[in-house]
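For reference, the structure is listed below as structure tokens.
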Amino acid sequence: MFGFRRHAVYRAAAFAGAFTNTIFGVLRAYVLIALWHARPGLAGYDVADAVTFCFLTQAFIGPMQVFGGSLDLAARVRTGDVALDLLRPASLQLWTMADDLGRAAYLVIVRSVPPMLIGAALFGVRTPAHAAGWAVFLTSTALGVVVSFGLRYLLAMATCWIVDDRGLQQMSLVMTTFFSGMMLPLILLPGWFGTLTRALPWAAMVQVPADVYLGKTDVLEALAFQATWAAVLLAAGALVTRSARRKVVIQGG
Amino acid sequence: MGEALGLARSYVLLAATWVRAAAQYPLSMAMLTIGSFVVTCLDAAAIVVIFVHTETLGGFSLPEVMFLYGTAGVSFALADMLFGNVDKLGQHVRAGTFDTMLIRPVSPFVQMAVDRFAFQRVGRVLQAAIVLAVALARLHVPWQRAWMIPVMVLCGIVLFTAMWTLGGALQFLLTEAPEIANAFTYGGGQLTQYPLSVYGGELVRAVTFIVPLAFVNWQPALYVLDRPDPFGLPYWLRFAGPVAAVTLACAAGWAWRAGLRRYRSTGS
């Protein structure tokens with residue numbers, strides 16, 4: 001809740017973000033439309049599915065930080081402020097996650113809804129048929145945010161060891177934009193490479209929730225996939241936090 | 001002329017300082033350079049994946065789209081490397097560091113452009129140049145029309161730089177919303193990767209006559225590739241790139257100066 005309010009202060013920045021997401025959504029939509037006009041029914045999507053997918057990817061950018069946006073934590077590790085955080089009587093990981101989920105909830109409202117609405121007005125998008133579809137989609141999105149947090153938390157904690165985190169940030173950006181399905185639907189990737197990308201945690205951030213939204217996948221399987229990755233990443237995060245605690249002690253704070 | 005040389009000299013000096021600073025973290029610097037190369041390779045991979053599924057996109061073949069991608073990519077990446085940081089103006093105004101720049105004896109525009117000069121972005125220039133080279137090897141452009149290629153890359157650099165400067169100038173007004181400018185700079189980079197024939201007619205007219213991004217590569221490329229304009233716009237537009245570049249650069253210069261005059265420190 002605190003995270004929600006803290007980020008709600010930056011209203012202009014969020015609206016500017018929504019504007020940019022919308023412009024990119026429109027540009028990418030045209031490319032996908034051209035592709036699906038040349039190849040109707042490609043990979044089991046039709047044109048409307050492809051356009052919907054495109055605007056969904058833009059809608060996910062804010063809440064899931066698809067561009068690998070770092071947690072404030074990384075900067076706190078670099079400056080040493082994290083020593084203070086580790087003293088707090090709450091788990092560093094859970095505390096950061098609560099803040100991040102609040103941020104995501106706020107960004108869904110200001111950065112995800114407008115691009116979808118404009119996409120719907122310009123091109124027409126699909127919507128889930130009934131209320132249950134929406135409920136499942138929201139669950140899937142929430143799990144996607146947790147997976148995204150899990151990855152970014154690991155990234156931020158890595159700063160404890162390598163201090164300058166910009167290189168890692170860059171690599172994370174590469175992995176996330178491509179392997180989440182942000183750049184192109186992962187269903188377009190051929191052969192074993194496509195299968196591999198659909199099994200990696202990044203797929204849980206864009207491709208899987210989008211497929212849930214479009215009703216292209218078995219819901220239980222999709223949610224289980226996301227939940228598994230979320231659990232694995234959070235467990236890894238907890239382990240890293242424990243060794244970081246020792247590391248900070250060695251550095252003398 | 002002497003003034004311009006002076007500006008270039010301070011730019012180079014400051015850039016060298018930032019490169020030395022970045023080299024203090026060699027692992028990070030190597031990862032940044034490789035990352036910048038790889039991220040754009042994935043960009044190009046996306047185009048290849050599209051062409052796995054189709055022969056033509058918007059009426060253009062793979063080498064033709066690679067030519068468009070390469071020319072726009074080289075312009076965009078060079079402009080971004082040399083001047084892209086101008087769009088960090090909002091951050092500097094909010095943090096008060098812009099005031100520091102104003103009292104130094106170097107043009108604030110140069111200081112902004114070179115701030116945190118990121119040599120690693122050369123990875124992106126390289127990648128776009130490779131794509132362009134591959135495209136040219138497969139296109140066999142006759143030399144009578146190939147002269148346009150360096151002209152269009154140069155115009156593209158000027159156009160993108162002007163976009164960034166406009167984006168920076170806009171932040172004198174909208175300090176809180178730097179992302180608006182991204183829609184036009186990075187959006188322009190995205191737009192010019194594909195043939196404009198995939199986009200709608202109104203959008204293409206807008207980027208021809210209002211925000212002249214069509215002159216980065218689309219119009220001159222129609223000449224180089226000797227293709228009719230799918231939107232039926234006049235033939236002479238293919239040679240209008242330099243005019244568009246100079247016009248937009250003047251507008252950007254004016255906007256920057258106007259913004260600078262209007263600037264009042266936050267006083268904190």
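Each chain of the structure tokens is named A, B, ... in the order shown, its residues numbered from 1; ligands are numbered from 1 in display order.
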
For chain B, list the residues within 6 Å of chain A, counting only C-alpha atoms, and write the list as an MDAnalysis selection string.
-> chainID B and resid 28 31:32 35 39 176:177 179:180 183 198:199

Take the residues that were just selected and, keeping C-alpha atoms, output them as a short mmCIF file (atom, residue, chain, number, x, y, z; two decimals), in the first residue's frame.
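Contents of out_24.cif, as written:
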```
data_model
loop_
_atom_site.label_atom_id
_atom_site.label_comp_id
_atom_site.auth_asym_id
_atom_site.auth_seq_id
_atom_site.Cartn_x
_atom_site.Cartn_y
_atom_site.Cartn_z
CA SER B 28 30.93 -3.60 -16.34
CA MET B 31 29.31 -6.15 -20.44
CA LEU B 32 27.78 -2.81 -21.44
CA GLY B 35 25.10 -5.88 -24.21
CA VAL B 39 20.40 -5.99 -27.71
CA GLU B 176 8.56 15.87 -14.72
CA ALA B 177 7.78 14.03 -17.92
CA GLU B 179 9.25 10.07 -21.29
CA ILE B 180 7.16 12.18 -23.67
CA ALA B 183 7.97 8.64 -27.76
CA VAL B 198 3.39 -1.13 -43.30
CA TYR B 199 2.00 1.90 -41.47
#
```

Contacts of Thr208 in chain B within 12 Å, only C-alpha atoms, excl. fewer than 5 positions in-chain, as a ChimeraX atom specification | /B:192,196,201-203,213-219,231,233-234,237-238,240-241,244-245

Can I get the selection written as a short mmCIF file (atom, residue, chain, number, x, y, z; two decimals), in the first residue's frame, with C-alpha atoms?
```
data_model
loop_
_atom_site.label_atom_id
_atom_site.label_comp_id
_atom_site.auth_asym_id
_atom_site.auth_seq_id
_atom_site.Cartn_x
_atom_site.Cartn_y
_atom_site.Cartn_z
CA THR B 192 12.26 3.88 -39.28
CA LEU B 196 6.75 2.97 -43.90
CA GLY B 201 -1.48 6.58 -44.68
CA GLU B 202 -2.17 9.32 -42.11
CA LEU B 203 0.77 8.29 -39.97
CA LEU B 213 11.19 11.24 -39.84
CA ALA B 214 10.34 9.90 -43.31
CA PHE B 215 13.50 11.62 -44.55
CA VAL B 216 15.78 9.62 -42.25
CA ASN B 217 15.65 6.68 -44.61
CA TRP B 218 12.26 6.08 -46.25
CA GLN B 219 12.17 8.77 -48.95
CA PHE B 231 1.52 6.43 -51.01
CA LEU B 233 3.76 11.30 -52.78
CA PRO B 234 5.74 13.54 -55.20
CA LEU B 237 10.54 14.45 -51.87
CA ARG B 238 13.24 11.80 -52.29
CA ALA B 240 14.34 16.75 -49.77
CA GLY B 241 16.26 15.07 -46.92
CA ALA B 244 14.21 18.66 -43.86
CA ALA B 245 17.35 18.09 -41.76
#
```

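Closest approach to Arg145 in chain B among B:Leu222, B:Ala44, B:Ile50, B:Glu55 is made by B:Leu222 (distances from only C-alpha atoms).
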
So which residues touch range 91-104 of chain B within 12 Å, counting only C-alpha atoms, skipping near sequence neighbours fewer than 3 positions away, as number ranges by chain?
-> A: 13; B: 10, 85-88, 107-115, 168-169, 171-179, 260-261, 263-268

Quote the spacing between CA of Ala79 in chain B and CA of Trp147 in chain B in Å to one decimal place.
-> 21.1 Å

Using backbone DSSP assignments, extract all alpha helix (DSSP H) residues from range 172-268 of chain B; output them as a VMD selection string.
-> chain B and resid 172 to 173 179 to 191 201 to 209 218 to 224 241 to 262

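For range 48-63 of chain A, the set of protein, DNA and RNA residues having any atom at most 6 Å away, when counting only C-alpha atoms and skipping those fewer than 5 positions along the same chain, is A:Asn21, A:Gly25, A:Ala29, A:Ala104, A:Leu107, A:Val108, A:Arg111, A:Ser112, A:Met116, A:Val125, A:Arg126, A:Met182.
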
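CA of Leu159 in chain B lies 12.0 Å from CA of Gly253 in chain B.
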
Please identify all polymer residues within 7 Å of Gly70 in chain B, counting only C-alpha atoms, omitting same-chain residues fewer than 3 positions from it, and present them as a ChimeraX atom specification.
-> /B:66-67,73-74,128-129,131-132

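Put simply, CA of Trp256 in chain B is 23.0 Å away from CA of Ala206 in chain B.
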
Which residues, written as a PyMOL selection string, have at least one atom at most 12 Å from Leu94 in chain A, with only C-alpha atoms counted and residues fewer than 3 positions away on the same chain left out?
-> chain A and resi 85-86+88-91+97-101+146+149-150+153+234-235+237-238+241

What would the file look like if the residues just selected were written as a PDB file, in the first residue's frame with C-alpha atoms?
```
ATOM      1  CA  ASP A  85      17.737  -1.976   5.539  1.00  0.00           C
ATOM      2  CA  LEU A  86      19.278  -5.205   6.792  1.00  0.00           C
ATOM      3  CA  ARG A  88      15.193  -3.488  10.049  1.00  0.00           C
ATOM      4  CA  PRO A  89      13.007  -6.011  11.865  1.00  0.00           C
ATOM      5  CA  ALA A  90      11.413  -7.126   8.580  1.00  0.00           C
ATOM      6  CA  SER A  91      12.724  -9.399   5.863  1.00  0.00           C
ATOM      7  CA  MET A  97       8.486  -7.078  -2.688  1.00  0.00           C
ATOM      8  CA  ALA A  98       5.602  -5.355  -0.921  1.00  0.00           C
ATOM      9  CA  ASP A  99       6.894  -2.010  -2.170  1.00  0.00           C
ATOM     10  CA  ASP A 100       7.273  -3.352  -5.695  1.00  0.00           C
ATOM     11  CA  LEU A 101       3.801  -4.911  -5.798  1.00  0.00           C
ATOM     12  CA  VAL A 146       6.187 -11.588  -8.876  1.00  0.00           C
ATOM     13  CA  PHE A 149      10.326  -8.918  -9.070  1.00  0.00           C
ATOM     14  CA  GLY A 150      12.173 -12.175  -8.390  1.00  0.00           C
ATOM     15  CA  TYR A 153      15.699  -8.673  -6.824  1.00  0.00           C
ATOM     16  CA  LEU A 234      12.003 -16.050  -4.586  1.00  0.00           C
ATOM     17  CA  ALA A 235      13.821 -18.982  -2.980  1.00  0.00           C
ATOM     18  CA  GLY A 237      16.477 -14.444  -3.653  1.00  0.00           C
ATOM     19  CA  ALA A 238      16.191 -15.599  -0.039  1.00  0.00           C
ATOM     20  CA  THR A 241      19.976 -12.335   0.881  1.00  0.00           C
TER      21      THR A 241
END
```
